[in-house]
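Shown next, in structure tokens, is the structure this report addresses.
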Amino acid sequence: MTIEKNGSPQAPPEMAAEGESSQVLEARYQKSARLAETRPIFPNVFRPKDQVEAIRRAVGHLTHDELETQIDERSVAGRLMAKRDYGKSTFYDLQDPTGRIQLYLRRDRVSPETFELAKQLDIGDIVGAWGRTFKTKTGELSILVEGLDLVTKSLWPLPEKFHEMSVELKYRRRYLDLIMSENSRRIFKIRSQVITYIRQFLDERNFLEVETPMMHSIPGGATARPFETYHNALDCQLYLRVAPELHLKRLLVGGLGRVYEINRNFRNEGLSIQHNPEFTMLEFYQTYAVYEDLMDLTETMFSSLAESILGTSELVYQGWSLSLKSPWPRLSFHKSLTSIGEVPEEVLADKDQALAHLASLGQVMSPQDPLGKILAKIFDLVVEPKLISPTFITLYPADISPLARRNEANPELTDRFELFAVGRELANGFSELNDPLDQKQRFLAQVAERESGDDEGMFFDEDYIRALMYGMPPAAGEGVGIDRLVMLLTDAPSIRDVILFPHMRPEK
């Protein structure tokens, strides 16, 4: 596309708008070109004084007669979402970032130039309008237009109102989804409110927000396959972080007693309704605390967050009813396998029987895998999908918890929990392992798994061991999946519904 000095489009773009014929686009272009001969079609001079939501709060409760008795001049800007032309008058639906309001334009109330401009406007155009508020006979709050300006010409038409955008198109063209879908706008407003609330919640409890590196020389903090990159100036391999955990715990060694970070993690894994390779996590750490303290804190944070943002802690997610009110059930990992998953007791202590039981469920793992890892796979299949109401699963095996403190009563287990709801994990926390010798041995075991072919095995982080050698206070830490939490609060079926620009296979 080329633009003359006056802003007139000269030719349609090479790419095409979805679902639109070349004839429709050509007609739109020609109309825009004619308009551009008389006025700028991309000016930057209009400054609205009001937003729709503020207008509704201020005068929306008044009756038609009450509005008639006062002067209520308003100035708004937004996108035209509907147009109803009756010859000498026209109704528009204008949408700004806060909501919609009706514009009513009458020929005898505006200048001939304004009326002519109004006739040339298309749905999708961004306009500025001013006039007094009133209510129609049906009680709809409206603006009686006294003046109108074109702010931005929409060269392509919006999708048809009654033609549902495909799910894939919503994710690839989020800008169109946000224009057309009030629910999508609601989801991302709630997402912003969730993050704001969490910050306030932790700040009030004396946690310090910090930022740690997004590129690591050694990926660590989670069992996951990292993305790799290369730094030319340093001449070294780097990895996008899979978790900030080891850097945050270095800060505990340094004397920062309560820290948190809300930021991105990157894991080179498959995509699903629960997984995106780039996702947002809250991680927080508290010295002189144990994992039970964080379970209590999480219950309080989630329930108060829902009450503050949604006005209730009673939710419906994809047809399931659940409550975020505390207390939530707490069940050990092994007990959940027998009581919920109906796994025989003898399977829990014998690797061969565990492999056989897993095979009966249609899955196969290597005999070289530790028992805890096999049981975790069985858990994924027969327990996790049944955990609908918020439930803490505790005391995980040590061989699948390389950074968690061993349980005093049974060193084969760790003081760890995971929080589940609606059949998926929402959070993972534990009392932190601060014994450098034990941590070193567990790192070495992870390295051995990695060398045997496990791409998700951890690397050996020598500097983290060095930090622990100086002494880290006893502490507990937790990670919360922000995307999955927002899914729960907004009844969103897929993680892609709560990420503005989810990763997808490139278009051909």
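Following the order of the structure tokens, chains are lettered A, B, ..., residues in each are numbered from 1, and ligands are numbered from 1.
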
Determine, counting only C-alpha atoms, which protein, DNA and RNA residues have an atom within 9 Å of an atom of Leu256 (chain A); residues of the same chain fewer than 5 positions away are not included. Present the result as a ChimeraX atom specification. /A:208,251,287

Could those residues be written to a file, using N, CA and C atoms, as a PDB file, in the first residue's frame?
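Done, and the output landed in out-v2.pdb:
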```pdb
ATOM      1  N   LEU A 208       9.278  -8.597  49.189  1.00  0.00           N
ATOM      2  CA  LEU A 208       9.948  -7.643  48.316  1.00  0.00           C
ATOM      3  C   LEU A 208       9.912  -8.167  46.890  1.00  0.00           C
ATOM      4  N   LEU A 251      19.007 -15.073  46.836  1.00  0.00           N
ATOM      5  CA  LEU A 251      18.688 -13.840  47.551  1.00  0.00           C
ATOM      6  C   LEU A 251      18.400 -14.105  49.024  1.00  0.00           C
ATOM      7  N   THR A 287      11.630 -16.928  54.488  1.00  0.00           N
ATOM      8  CA  THR A 287      12.513 -17.591  55.449  1.00  0.00           C
ATOM      9  C   THR A 287      11.764 -17.878  56.753  1.00  0.00           C
TER      10      THR A 287
END
```

Based on DSSP run over this structure's backbone, return all residues of region 403-464 of chain A in strand (DSSP E or B), as a PyMOL selection string. chain A and resi 404+406+413-414+416-421+424-432

With only C-alpha atoms as the counted atoms, please give the residues lying no more than 7 Å from Met215 (chain A), apart from itself and same-chain residues fewer than 3 positions off, as an mmCIF file with N, CA and C atoms, in the first residue's frame.
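Wrote it out as result_24.cif, contents follow:
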```cif
data_model
loop_
_atom_site.group_PDB
_atom_site.id
_atom_site.type_symbol
_atom_site.label_atom_id
_atom_site.label_comp_id
_atom_site.auth_asym_id
_atom_site.auth_seq_id
_atom_site.Cartn_x
_atom_site.Cartn_y
_atom_site.Cartn_z
ATOM 1 N N LEU A 238 23.593 -19.934 26.274
ATOM 2 C CA LEU A 238 22.671 -19.480 27.302
ATOM 3 C C LEU A 238 21.329 -20.162 27.104
ATOM 4 N N TYR A 239 20.518 -20.137 28.162
ATOM 5 C CA TYR A 239 19.213 -20.790 28.136
ATOM 6 C C TYR A 239 18.156 -19.820 28.665
ATOM 7 N N LEU A 240 17.013 -19.769 27.986
ATOM 8 C CA LEU A 240 15.889 -19.049 28.572
ATOM 9 C C LEU A 240 15.459 -19.789 29.827
ATOM 10 N N ARG A 241 15.154 -19.054 30.861
ATOM 11 C CA ARG A 241 14.951 -19.690 32.158
ATOM 12 C C ARG A 241 13.701 -20.569 32.156
#
```

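Here the question is which of A:Cys236, A:Leu178, A:Val76, A:Leu150 gets nearest to Lys49 (chain A) using only C-alpha atoms, and that residue is A:Val76.
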